[in-house]
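Below is structure-v4.cif, holding mmCIF, C-alpha atoms.
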data_data
#
loop_
_atom_site.label_atom_id
_atom_site.label_comp_id
_atom_site.auth_asym_id
_atom_site.auth_seq_id
_atom_site.Cartn_x
_atom_site.Cartn_y
_atom_site.Cartn_z
CA MET A 1 -15.47 30.20 21.27
CA SER A 2 -15.60 27.35 23.75
CA ASN A 3 -15.41 23.81 22.50
CA ASN A 4 -16.80 22.51 25.76
CA GLY A 5 -19.32 19.77 25.06
CA LYS A 6 -18.15 19.20 21.49
CA ILE A 7 -17.06 15.65 20.84
CA ILE A 8 -14.59 14.33 18.26
CA LEU A 9 -15.16 10.71 17.24
CA GLY A 10 -11.93 9.10 16.04
CA ILE A 11 -12.42 5.82 14.20
CA ASP A 12 -9.03 4.32 13.42
CA SER A 13 -8.12 0.94 12.02
CA SER A 14 -5.00 -0.60 13.49
CA TRP A 15 -5.19 -4.20 12.39
CA ASP A 16 -2.36 -4.18 9.83
CA PRO A 17 1.03 -2.46 9.62
CA THR A 18 -0.24 0.32 7.35
CA THR A 19 -3.12 1.45 9.51
CA THR A 20 -1.17 0.88 12.72
CA MET A 21 1.40 3.44 11.57
CA GLY A 22 -1.33 5.99 10.91
CA CYS A 23 -3.18 5.23 14.14
CA GLN A 24 -0.02 5.61 16.24
CA PHE A 25 0.75 8.96 14.67
CA ARG A 26 -2.76 10.21 15.27
CA ASN A 27 -2.76 9.08 18.93
CA LYS A 28 0.47 10.95 19.49
CA HIS A 29 -0.23 14.14 17.54
CA VAL A 30 -3.87 14.56 16.53
CA TYR A 31 -6.10 13.63 19.45
CA PRO A 32 -4.00 15.47 22.07
CA HIS A 33 -4.41 18.64 19.98
CA PHE A 34 -8.19 18.30 19.95
CA LYS A 35 -8.10 17.86 23.74
CA ASP A 36 -5.81 20.86 24.15
CA LYS A 37 -8.41 22.91 22.30
CA GLY A 38 -11.15 21.85 24.68
CA PHE A 39 -12.84 19.10 22.68
CA SER A 40 -13.79 15.75 24.18
CA VAL A 41 -12.38 12.83 22.23
CA ILE A 42 -13.79 9.35 21.84
CA THR A 43 -11.69 6.85 19.92
CA LEU A 44 -12.72 3.52 18.45
CA GLN A 45 -9.53 1.70 17.49
CA GLY A 46 -8.33 -1.83 16.92
CA GLY A 47 -11.10 -4.31 17.69
CA ASP A 48 -13.42 -1.43 18.61
CA ALA A 49 -13.38 -0.03 15.08
CA ILE A 50 -16.52 -1.92 14.10
CA ARG A 51 -19.90 -0.77 12.84
CA THR A 52 -21.95 -1.70 15.93
CA LYS A 53 -19.72 0.38 18.19
CA VAL A 54 -19.68 3.26 15.71
CA ILE A 55 -23.49 3.30 15.59
CA ASN A 56 -23.61 3.22 19.38
CA GLU A 57 -21.28 6.21 19.73
CA LEU A 58 -23.02 8.19 17.00
CA GLN A 59 -26.27 8.09 18.99
CA LYS A 60 -24.66 10.42 21.52
CA ASN A 61 -25.33 14.13 21.30
CA GLY A 62 -22.43 16.49 20.81
CA ILE A 63 -20.38 14.66 18.17
CA VAL A 64 -19.31 17.39 15.74
CA CYS A 65 -16.59 15.61 13.82
CA ILE A 66 -15.67 12.12 12.66
CA THR A 67 -12.01 11.60 11.83
CA GLY A 68 -9.98 8.49 11.20
CA VAL A 69 -7.49 6.38 9.33
CA GLY A 70 -8.53 3.16 7.61
CA HIS A 71 -8.65 1.38 4.32
CA GLY A 72 -11.28 2.44 1.87
CA GLU A 73 -12.81 2.03 -1.52
CA SER A 74 -14.83 4.49 -3.55
CA ASP A 75 -18.03 3.81 -1.60
CA VAL A 76 -16.73 2.21 1.60
CA TYR A 77 -14.74 3.14 4.69
CA THR A 78 -13.54 0.15 6.68
CA GLY A 79 -12.44 -0.56 10.22
CA ASP A 80 -11.07 -3.60 12.00
CA ASN A 81 -10.05 -6.33 9.54
CA LEU A 82 -11.71 -4.48 6.67
CA SER A 83 -15.14 -4.65 8.31
CA ILE A 84 -17.49 -2.09 6.79
CA LEU A 85 -18.07 1.05 8.88
CA PHE A 86 -19.77 3.24 6.31
CA LYS A 87 -20.98 2.21 2.86
CA VAL A 88 -23.02 4.24 0.42
CA LYS A 89 -26.74 3.50 0.98
CA LEU A 90 -26.00 1.35 4.03
CA TYR A 91 -25.96 3.90 6.81
CA ASN A 92 -28.46 6.26 8.38
CA LYS A 93 -28.22 9.93 7.48
CA LYS A 94 -28.52 10.82 11.19
CA GLU A 95 -25.04 9.32 11.63
CA VAL A 96 -23.38 12.02 9.55
CA LYS A 97 -25.84 14.94 9.59
CA GLY A 98 -24.32 18.19 10.84
CA LYS A 99 -20.83 16.72 11.19
CA ILE A 100 -17.49 17.46 9.56
CA ILE A 101 -15.77 14.28 8.41
CA HIS A 102 -12.11 13.68 7.60
CA LEU A 103 -10.94 10.23 6.53
CA LEU A 104 -7.31 9.39 5.78
CA SER A 105 -8.27 6.61 3.45
CA CYS A 106 -7.86 5.64 -0.17
CA VAL A 107 -10.50 6.56 -2.75
CA VAL A 108 -13.34 7.40 -0.32
CA ALA A 109 -13.72 10.89 -1.79
CA ALA A 110 -14.90 9.34 -5.06
CA LYS A 111 -18.36 8.33 -3.85
CA LEU A 112 -18.61 8.02 -0.08
CA GLY A 113 -17.62 11.61 0.72
CA PRO A 114 -20.16 13.18 -1.65
CA ASP A 115 -22.77 10.74 -0.33
CA PHE A 116 -22.07 11.90 3.23
CA VAL A 117 -22.62 15.48 2.11
CA LYS A 118 -25.87 14.59 0.35
CA LYS A 119 -27.03 13.09 3.65
CA GLY A 120 -26.31 16.28 5.59
CA CYS A 121 -22.62 16.08 6.50
CA ARG A 122 -21.38 19.69 6.62
CA ALA A 123 -18.01 19.05 5.02
CA PHE A 124 -15.83 16.15 3.93
CA PHE A 125 -12.07 15.80 3.58
CA GLY A 126 -10.56 12.68 1.96
CA TYR A 127 -8.70 11.27 -1.02
CA GLU A 128 -10.23 10.50 -4.41
CA ASN A 129 -7.61 7.98 -5.54
CA PRO A 130 -5.20 5.62 -3.78
CA PHE A 131 -3.24 7.43 -1.06
CA SER A 132 0.43 6.50 -1.15
CA PHE A 133 3.29 6.85 1.29
CA ASP A 134 6.86 5.75 1.78
CA VAL A 135 7.36 3.68 4.91
CA GLU A 136 10.65 5.33 5.85
CA PHE A 137 9.15 8.80 5.41
CA LYS A 138 5.72 7.96 6.83
CA ASP A 139 5.68 10.77 9.40
CA ILE A 140 5.89 13.38 6.66
CA PHE A 141 2.79 11.97 4.98
CA PHE A 142 0.82 11.62 8.22
CA ARG A 143 1.96 15.08 9.35
CA CYS A 144 0.66 16.66 6.15
CA ASP A 145 -2.71 14.93 6.37
CA SER A 146 -3.03 15.66 10.08
CA GLU A 147 -2.94 19.38 9.36
CA ILE A 148 -6.61 18.97 8.41
CA ASP A 149 -7.46 17.84 11.95
CA LEU A 150 -5.21 20.42 13.61
CA ALA A 151 -6.72 23.24 11.56
CA LEU A 152 -10.26 22.07 12.31
CA ALA A 153 -9.40 21.95 16.02
CA ASP A 154 -8.03 25.50 15.76
CA GLY A 155 -11.44 26.73 14.60
CA ASN A 156 -10.65 27.34 10.95
CA THR A 157 -13.29 27.26 8.22
CA THR A 158 -13.05 24.35 5.80
CA THR A 159 -11.58 26.69 3.19
CA GLU A 160 -8.87 27.75 5.64
CA VAL A 161 -8.35 24.14 6.66
CA TYR A 162 -7.67 23.12 3.06
CA GLN A 163 -5.32 26.07 2.62
CA ARG A 164 -3.35 25.09 5.71
CA ALA A 165 -3.15 21.49 4.52
CA SER A 166 -2.14 22.55 1.03
CA ASN A 167 0.52 24.86 2.47
CA ILE A 168 2.12 22.18 4.62
CA TYR A 169 2.09 19.67 1.74
CA THR A 170 3.65 22.26 -0.57
CA ASP A 171 6.25 23.27 1.99
CA ALA A 172 7.26 19.64 2.53
CA ILE A 173 7.41 19.01 -1.24
CA GLU A 174 9.67 22.02 -1.67
CA LYS A 175 11.97 20.92 1.13
CA LEU A 176 12.13 17.36 -0.17
CA ASN A 177 13.03 18.67 -3.62
CA ASP A 178 15.68 20.89 -2.06
CA SER A 179 17.28 17.82 -0.53
CA GLY A 180 16.98 15.78 -3.72
CA GLN A 181 14.25 13.45 -2.44
CA PHE A 182 12.35 13.66 -5.72
CA TYR A 183 10.43 10.41 -5.44
CA ILE A 184 9.08 11.21 -1.98
CA ALA A 185 8.21 14.70 -3.21
CA GLY A 186 6.38 13.12 -6.15
CA MET A 187 4.36 10.87 -3.86
CA LEU A 188 3.44 13.78 -1.64
CA GLN A 189 2.45 15.92 -4.64
CA ARG A 190 0.26 13.09 -5.88
CA ASP A 191 -1.48 12.85 -2.49
CA LEU A 192 -2.09 16.59 -2.46
CA ASN A 193 -3.45 16.39 -6.02
CA ILE A 194 -6.08 13.86 -4.97
CA LEU A 195 -7.10 15.52 -1.68
CA ARG A 196 -10.71 16.59 -1.87
CA SER A 197 -12.50 19.12 0.34
CA PRO A 198 -15.17 21.82 0.02
CA ALA A 199 -12.47 23.98 -1.59
CA TYR A 200 -12.63 21.56 -4.56
CA GLY A 201 -16.39 21.70 -5.02
CA SER A 202 -19.74 21.85 -3.27
CA MET A 203 -20.10 18.07 -3.48
CA TYR A 204 -17.69 18.06 -0.53
CA GLY A 205 -19.75 20.46 1.55
CA SER A 206 -19.66 24.00 2.83
CA GLN A 207 -16.63 26.23 2.44
CA THR A 208 -17.53 28.14 5.58
CA ALA A 209 -18.24 25.26 7.95
CA LYS A 210 -16.12 24.98 11.07
CA LEU A 211 -16.18 23.07 14.34
CA MET B 212 4.01 18.20 17.46
CA ASP B 213 7.37 18.15 15.68
CA SER B 214 7.63 20.69 12.90
CA MET B 215 8.10 19.53 9.32
CA ASP B 216 11.70 20.76 9.52
CA ASP B 217 12.32 18.53 12.55
CA ILE B 218 10.76 15.55 10.80
CA LEU B 219 12.81 16.13 7.66
CA LYS B 220 16.01 16.70 9.63
CA GLY B 221 15.83 13.21 11.04
CA LEU B 222 15.33 11.68 7.62
CA LYS B 223 18.08 13.18 5.51
CA GLY B 224 19.72 10.45 3.50
CA LYS B 225 23.38 9.82 2.95
CA ARG B 226 23.48 11.33 -0.53
CA SER B 227 23.55 15.03 -1.36
CA LYS B 228 21.02 16.65 -3.69
CA GLU B 229 23.66 16.78 -6.43
CA GLN B 230 24.42 13.10 -6.02
CA ARG B 231 20.72 12.28 -6.22
CA ILE B 232 20.34 14.32 -9.40
CA MET B 233 23.35 12.67 -10.98
CA ALA B 234 22.01 9.25 -10.02
CA GLN B 235 18.87 10.02 -12.03
CA MET B 236 20.74 10.98 -15.19
CA GLY B 237 20.67 7.45 -16.51
CA TYR B 238 17.03 6.83 -15.61
CA PRO B 239 14.65 6.36 -18.56
CA ALA B 240 12.75 9.57 -19.26
CA GLY B 241 11.08 9.35 -22.67
CA TYR B 242 11.51 8.29 -26.31
CA ASP B 243 13.15 9.82 -29.36
CA ALA B 244 11.72 10.06 -32.89
CA ASP B 245 13.03 6.57 -33.73
CA ASP B 246 11.23 5.11 -30.74
CA ASN B 247 14.42 4.59 -28.76
CA GLU B 248 14.28 5.06 -25.03
CA ILE B 249 16.10 8.16 -23.86
CA THR B 250 17.44 9.10 -20.45
CA MET B 251 17.12 12.20 -18.35
CA ARG B 252 20.64 13.10 -19.48
CA ASP B 253 19.40 13.07 -23.11
CA LEU B 254 16.48 15.32 -22.18
CA ILE B 255 18.76 17.84 -20.52
CA GLN B 256 21.39 17.80 -23.28
CA GLY B 257 18.64 18.25 -25.88
CA THR B 258 20.77 16.72 -28.62
CA LYS B 259 18.32 14.03 -29.76
CA LYS B 260 15.57 14.94 -32.18
CA GLY B 261 11.84 14.43 -31.87
CA ILE B 262 11.97 13.73 -28.17
CA LEU B 263 8.75 12.80 -26.45
CA SER B 264 9.12 13.39 -22.74
CA PHE B 265 7.35 11.43 -20.05
CA SER B 266 4.30 13.65 -19.94
CA GLN B 267 3.67 13.31 -23.70
CA LEU B 268 3.70 9.52 -23.87
CA GLN B 269 0.89 7.05 -24.48
CA PRO B 270 -0.09 4.88 -21.47
CA LYS B 271 1.80 1.77 -22.61
CA LYS B 272 5.07 3.65 -23.02
CA LEU B 273 4.48 5.60 -19.83
CA ALA B 274 4.21 2.29 -18.03
CA ALA B 275 7.44 1.04 -19.59
CA ILE B 276 9.29 4.17 -18.51
CA ALA B 277 7.85 3.97 -15.00
CA ILE B 278 8.97 0.35 -14.70
CA GLY B 279 12.44 1.26 -15.90
CA ARG B 280 12.68 4.03 -13.33
CA ILE B 281 11.50 1.81 -10.48
CA LYS B 282 14.05 -0.83 -11.45
CA ALA B 283 16.78 1.82 -11.39
CA GLN B 284 16.03 2.97 -7.84
CA GLN B 285 18.30 1.76 -5.03
CA GLU B 286 15.49 1.15 -2.57
CA PHE B 287 11.77 0.88 -3.12
CA LYS B 288 9.26 0.34 -0.31
CA VAL B 289 5.97 2.17 -0.58
CA VAL B 290 2.42 1.69 0.62
CA ILE B 291 -0.59 2.26 -1.64
CA LEU B 292 -4.12 1.20 -0.74
CA ASN B 293 -3.59 -1.66 1.66
CA LYS B 294 -0.48 -3.04 -0.02
CA GLN B 295 3.16 -2.68 0.91
CA LEU B 296 5.05 -2.75 -2.36
CA ASP B 297 8.62 -3.63 -3.20
CA LYS B 298 10.15 -3.34 -6.66
CA THR B 299 8.78 -6.68 -7.89
CA SER B 300 5.20 -6.17 -6.72
CA ALA B 301 5.17 -2.53 -7.87
CA ILE B 302 6.25 -3.54 -11.37
CA LYS B 303 3.57 -6.23 -11.48
CA GLU B 304 0.90 -3.68 -10.51
CA ILE B 305 1.98 -1.45 -13.40
CA GLU B 306 2.10 -4.36 -15.85
CA ASP B 307 -1.40 -5.43 -14.77
CA GLY B 308 -2.74 -1.89 -15.21
CA THR B 309 -4.28 -1.75 -11.74
CA ASP B 310 -5.27 1.43 -9.87
CA ILE B 311 -2.12 1.01 -7.82
CA GLY B 312 -0.09 0.67 -11.01
CA GLN B 313 -1.60 3.85 -12.41
CA THR B 314 -0.80 5.66 -9.18
CA LEU B 315 2.81 4.48 -9.40
CA VAL B 316 3.06 5.80 -12.96
CA GLU B 317 1.64 9.17 -11.87
CA ILE B 318 4.17 9.38 -9.05
CA GLU B 319 7.02 8.60 -11.45
CA LYS B 320 5.86 11.40 -13.76
CA LEU B 321 5.88 13.89 -10.90
CA ALA B 322 9.19 12.64 -9.48
CA MET B 323 10.86 12.88 -12.87
CA GLN B 324 9.55 16.38 -13.42
CA PHE B 325 10.90 17.47 -10.04
CA ALA B 326 14.29 15.91 -10.77
CA LEU B 327 14.36 17.46 -14.23
CA ASN B 328 13.51 20.92 -12.87
CA ALA B 329 16.31 20.63 -10.31
CA ALA B 330 18.78 19.44 -12.93
CA MET B 331 17.87 22.27 -15.32
CA LYS B 332 18.42 24.83 -12.53
CA MET B 333 21.84 23.32 -11.87
CA LYS B 334 22.59 23.44 -15.57
CA ALA B 335 21.58 27.09 -15.77
CA LYS B 336 23.99 27.87 -12.93
CA GLY B 337 26.74 25.93 -14.68
CA GLU B 338 26.84 23.40 -11.84
CA LEU B 339 25.84 20.34 -13.81
CA LYS B 340 28.53 18.16 -15.37
CA LEU B 341 26.94 15.74 -17.80
#

Show me this structure written as structure tokens.
Amino acid sequence: MSNNGKIILGIDSSWDPTTTMGCQFRNKHVYPHFKDKGFSVITLQGGDAIRTKVINELQKNGIVCITGVGHGESDVYTGDNLSILFKVKLYNKKEVKGKIIHLLSCVVAAKLGPDFVKKGCRAFFGYENPFSFDVEFKDIFFRCDSEIDLALADGNTTTEVYQRASNIYTDAIEKLNDSGQFYIAGMLQRDLNILRSPAYGSMYGSQTAKL
Amino acid sequence: MDSMDDILKGLKGKRSKEQRIMAQMGYPAGYDADDNEITMRDLIQGTKKGILSFSQLQPKKLAAIAIGRIKAQQEFKVVILNKQLDKTSAIKEIEDGTDIGQTLVEIEKLAMQFALNAAMKMKAKGELKL
């Protein structure tokens, strides 16, 4: 099926070392994959990751997916300098209706993700507790999370997307254990344990949705 | 994109798996019946009585074990929420009982279980010298 005319909106913080690492990885590995698969990609990063610009972009037709890295709390996803991008009760349901949303962000799956789904978002992927990573091993963590975007771009259903993500996390954990990197394996296992998606429950949307 | 194997290949540390397991032998891993802290070596040897392993402990003791294990690590530099943590700040988060502290304790539980599983496999193969 053609992805012509389908737009991916990437909203990535890059104002501090943590988010910059994630943003750089995604620019190198995630957005090119969406483009390779025929999607158009719009990114709001750095100083552009602010609510007014997000609202402006979301008025465009054709946006099928919102994806991004940024700091979060249970009911908030933030952009540049912790400015609020989405907060429970403080956004319009038209902004998320019909879209699949993936946020690499701490705790947002606790309240914000289910709120997106209540407002018509088709599926949500995110983390229910603090996401952790080791700076030296950061690419492993970002690579595991990015499997969600890659699998969505490949046309998988949300159930298949979760399975692919779970598989790559598990494979990395096994390999880290094989090389004696138990602490890194523990961190990765913890991140997998707190990853939420429609495979976890209907509060995260449809198990058959796809881009 | 690089495969996970390629990413991991570039990150292999200087120590072998066996060296990493042996380094963990002295890490705190639980308590015995007399409330004395025990190590992973004690858990594997199984000679102490009434052992409570990491996963069976009350939160306060879990925190103490996690702190002991973080102190024992050669290097510690992790990111949780929007904080970059070193040993000192990580320990403070655990002592203060924050969400970050709880996450660190959970990670220690998982890491210890992985290390213990690996050590028990080595023991079963007769490759572990305690």

Option closest in space to chain A, from B:Glu304, B:Glu317, B:Asp297, B:Asp246 [counting all atoms listed in the file]: B:Glu317

Picked residues, the PyMOL selection byres ((chain A) within 10 of (chain B)), expected as a PyMOL selection string: chain A and resi 16-19+28-30+32-33+70-73+82+105-107+129-140+143-144+168-169+171-191

Dump C-alpha atoms for the selected residues as a tab-separated table (two decimals), in the frame of the given file?
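result.tsv, freshly written:
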chain	number	residue	atom	x	y	z
A	16	ASP	CA	-2.36	-4.18	9.83
A	17	PRO	CA	1.03	-2.46	9.62
A	18	THR	CA	-0.24	0.32	7.35
A	19	THR	CA	-3.12	1.45	9.51
A	28	LYS	CA	0.47	10.95	19.49
A	29	HIS	CA	-0.23	14.14	17.54
A	30	VAL	CA	-3.87	14.56	16.53
A	32	PRO	CA	-4.00	15.47	22.07
A	33	HIS	CA	-4.41	18.64	19.98
A	70	GLY	CA	-8.53	3.16	7.61
A	71	HIS	CA	-8.65	1.38	4.32
A	72	GLY	CA	-11.28	2.44	1.87
A	73	GLU	CA	-12.81	2.03	-1.52
A	82	LEU	CA	-11.71	-4.48	6.67
A	105	SER	CA	-8.27	6.61	3.45
A	106	CYS	CA	-7.86	5.64	-0.17
A	107	VAL	CA	-10.50	6.56	-2.75
A	129	ASN	CA	-7.61	7.98	-5.54
A	130	PRO	CA	-5.20	5.62	-3.78
A	131	PHE	CA	-3.24	7.43	-1.06
A	132	SER	CA	0.43	6.50	-1.15
A	133	PHE	CA	3.29	6.85	1.29
A	134	ASP	CA	6.86	5.75	1.78
A	135	VAL	CA	7.36	3.68	4.91
A	136	GLU	CA	10.65	5.33	5.85
A	137	PHE	CA	9.15	8.80	5.41
A	138	LYS	CA	5.72	7.96	6.83
A	139	ASP	CA	5.68	10.77	9.40
A	140	ILE	CA	5.89	13.38	6.66
A	143	ARG	CA	1.96	15.08	9.35
A	144	CYS	CA	0.66	16.66	6.15
A	168	ILE	CA	2.12	22.18	4.62
A	169	TYR	CA	2.09	19.67	1.74
A	171	ASP	CA	6.25	23.27	1.99
A	172	ALA	CA	7.26	19.64	2.53
A	173	ILE	CA	7.41	19.01	-1.24
A	174	GLU	CA	9.67	22.02	-1.67
A	175	LYS	CA	11.97	20.92	1.13
A	176	LEU	CA	12.13	17.36	-0.17
A	177	ASN	CA	13.03	18.67	-3.62
A	178	ASP	CA	15.68	20.89	-2.06
A	179	SER	CA	17.28	17.82	-0.53
A	180	GLY	CA	16.98	15.78	-3.72
A	181	GLN	CA	14.25	13.45	-2.44
A	182	PHE	CA	12.35	13.66	-5.72
A	183	TYR	CA	10.43	10.41	-5.44
A	184	ILE	CA	9.08	11.21	-1.98
A	185	ALA	CA	8.21	14.70	-3.21
A	186	GLY	CA	6.38	13.12	-6.15
A	187	MET	CA	4.36	10.87	-3.86
A	188	LEU	CA	3.44	13.78	-1.64
A	189	GLN	CA	2.45	15.92	-4.64
A	190	ARG	CA	0.26	13.09	-5.88
A	191	ASP	CA	-1.48	12.85	-2.49

Test item: residues at most 6 Å from A:Thr43, all atoms listed in the file, excluding those fewer than 4 positions along its chain, as an MDAnalysis selection string: chainID A and resid 9:11

In Å, with one decimal, what is the gap from atom CA of A:Phe124 to atom CA of A:Ile148? 10.6 Å

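Picture a line from atom CA of A:Leu195 to atom CA of A:Asp12; it runs 18.9 Å.
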
Would you translate the PyMOL selection byres ((chain A and resi 83-90) around 9) into the concrete set of residues it matches in this file, as number ranges by chain? A: 49-52, 54-55, 75-82, 91-92, 111-112, 115-116

Apply the PyMOL selection byres ((chain A and resi 150) around 12) to the structure shown and report the selected residues as a ChimeraX atom specification. /A:26,29-37,39,67,102,142-149,151-158,160-162,164-165,168,211 /B:212

Measure the distance from atom CA of A:Gly113 to atom CA of A:Gly22 in Å and round it to one decimal. 20.0 Å

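Here the residues that fall within 12 Å of (5.8, 11.6, -26.3), using only C-alpha atoms, are given as B:Ala240, B:Gly241, B:Tyr242, B:Asp243, B:Ala244, B:Asp245, B:Asp246, B:Asn247, B:Glu248, B:Ile249, B:Lys260, B:Gly261, B:Ile262, B:Leu263, B:Ser264, B:Phe265, B:Ser266, B:Gln267, B:Leu268, B:Gln269, B:Pro270, B:Lys271, B:Lys272, B:Leu273, B:Ile276.
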
Excluding A:Glu95 and its own-chain neighbours fewer than 5 positions away, which residues fall within 9 Å of it when counting all atoms listed in the file? Please give them as a PyMOL selection string. chain A and resi 55+58-59+121

Go through B:Lys259, B:Ser300, B:Met251, B:Asp307 and flag the residue nearest B:Ala274, using all atoms listed in the file for the distances. B:Asp307

Assuming the input is short of atoms at stretch 139-154 of chain A, produce N, CA and C atoms for that part as a PDB file, in the coordinates of the input.
ATOM      1  N   ASP A 139       6.100   9.650   8.554  1.00  0.00           N
ATOM      2  CA  ASP A 139       5.680  10.770   9.400  1.00  0.00           C
ATOM      3  C   ASP A 139       5.417  12.034   8.593  1.00  0.00           C
ATOM      4  N   ILE A 140       6.130  12.204   7.508  1.00  0.00           N
ATOM      5  CA  ILE A 140       5.890  13.380   6.660  1.00  0.00           C
ATOM      6  C   ILE A 140       4.473  13.316   6.079  1.00  0.00           C
ATOM      7  N   PHE A 141       4.107  12.143   5.606  1.00  0.00           N
ATOM      8  CA  PHE A 141       2.790  11.970   4.980  1.00  0.00           C
ATOM      9  C   PHE A 141       1.677  12.146   6.025  1.00  0.00           C
ATOM     10  N   PHE A 142       1.851  11.505   7.179  1.00  0.00           N
ATOM     11  CA  PHE A 142       0.820  11.620   8.220  1.00  0.00           C
ATOM     12  C   PHE A 142       0.768  13.055   8.767  1.00  0.00           C
ATOM     13  N   ARG A 143       1.938  13.687   8.849  1.00  0.00           N
ATOM     14  CA  ARG A 143       1.960  15.080   9.350  1.00  0.00           C
ATOM     15  C   ARG A 143       1.182  16.001   8.406  1.00  0.00           C
ATOM     16  N   CYS A 144       1.376  15.808   7.112  1.00  0.00           N
ATOM     17  CA  CYS A 144       0.660  16.660   6.150  1.00  0.00           C
ATOM     18  C   CYS A 144      -0.848  16.446   6.265  1.00  0.00           C
ATOM     19  N   ASP A 145      -1.279  15.189   6.276  1.00  0.00           N
ATOM     20  CA  ASP A 145      -2.710  14.930   6.370  1.00  0.00           C
ATOM     21  C   ASP A 145      -3.284  15.437   7.692  1.00  0.00           C
ATOM     22  N   SER A 146      -2.514  15.286   8.762  1.00  0.00           N
ATOM     23  CA  SER A 146      -3.030  15.660  10.080  1.00  0.00           C
ATOM     24  C   SER A 146      -3.277  17.159  10.213  1.00  0.00           C
ATOM     25  N   GLU A 147      -2.697  17.933   9.314  1.00  0.00           N
ATOM     26  CA  GLU A 147      -2.940  19.380   9.360  1.00  0.00           C
ATOM     27  C   GLU A 147      -4.438  19.674   9.233  1.00  0.00           C
ATOM     28  N   ILE A 148      -5.152  18.801   8.547  1.00  0.00           N
ATOM     29  CA  ILE A 148      -6.610  18.970   8.410  1.00  0.00           C
ATOM     30  C   ILE A 148      -7.258  18.938   9.798  1.00  0.00           C
ATOM     31  N   ASP A 149      -6.888  17.948  10.604  1.00  0.00           N
ATOM     32  CA  ASP A 149      -7.460  17.840  11.950  1.00  0.00           C
ATOM     33  C   ASP A 149      -7.020  19.013  12.835  1.00  0.00           C
ATOM     34  N   LEU A 150      -5.731  19.338  12.762  1.00  0.00           N
ATOM     35  CA  LEU A 150      -5.210  20.420  13.610  1.00  0.00           C
ATOM     36  C   LEU A 150      -5.912  21.731  13.280  1.00  0.00           C
ATOM     37  N   ALA A 151      -6.089  21.988  11.982  1.00  0.00           N
ATOM     38  CA  ALA A 151      -6.720  23.240  11.560  1.00  0.00           C
ATOM     39  C   ALA A 151      -8.201  23.269  11.952  1.00  0.00           C
ATOM     40  N   LEU A 152      -8.859  22.125  11.852  1.00  0.00           N
ATOM     41  CA  LEU A 152     -10.260  22.070  12.310  1.00  0.00           C
ATOM     42  C   LEU A 152     -10.316  22.364  13.808  1.00  0.00           C
ATOM     43  N   ALA A 153      -9.427  21.743  14.556  1.00  0.00           N
ATOM     44  CA  ALA A 153      -9.400  21.950  16.020  1.00  0.00           C
ATOM     45  C   ALA A 153      -9.139  23.414  16.352  1.00  0.00           C
ATOM     46  N   ASP A 154      -8.371  24.089  15.518  1.00  0.00           N
ATOM     47  CA  ASP A 154      -8.030  25.500  15.760  1.00  0.00           C
ATOM     48  C   ASP A 154      -9.170  26.445  15.386  1.00  0.00           C
TER      49      ASP A 154
END
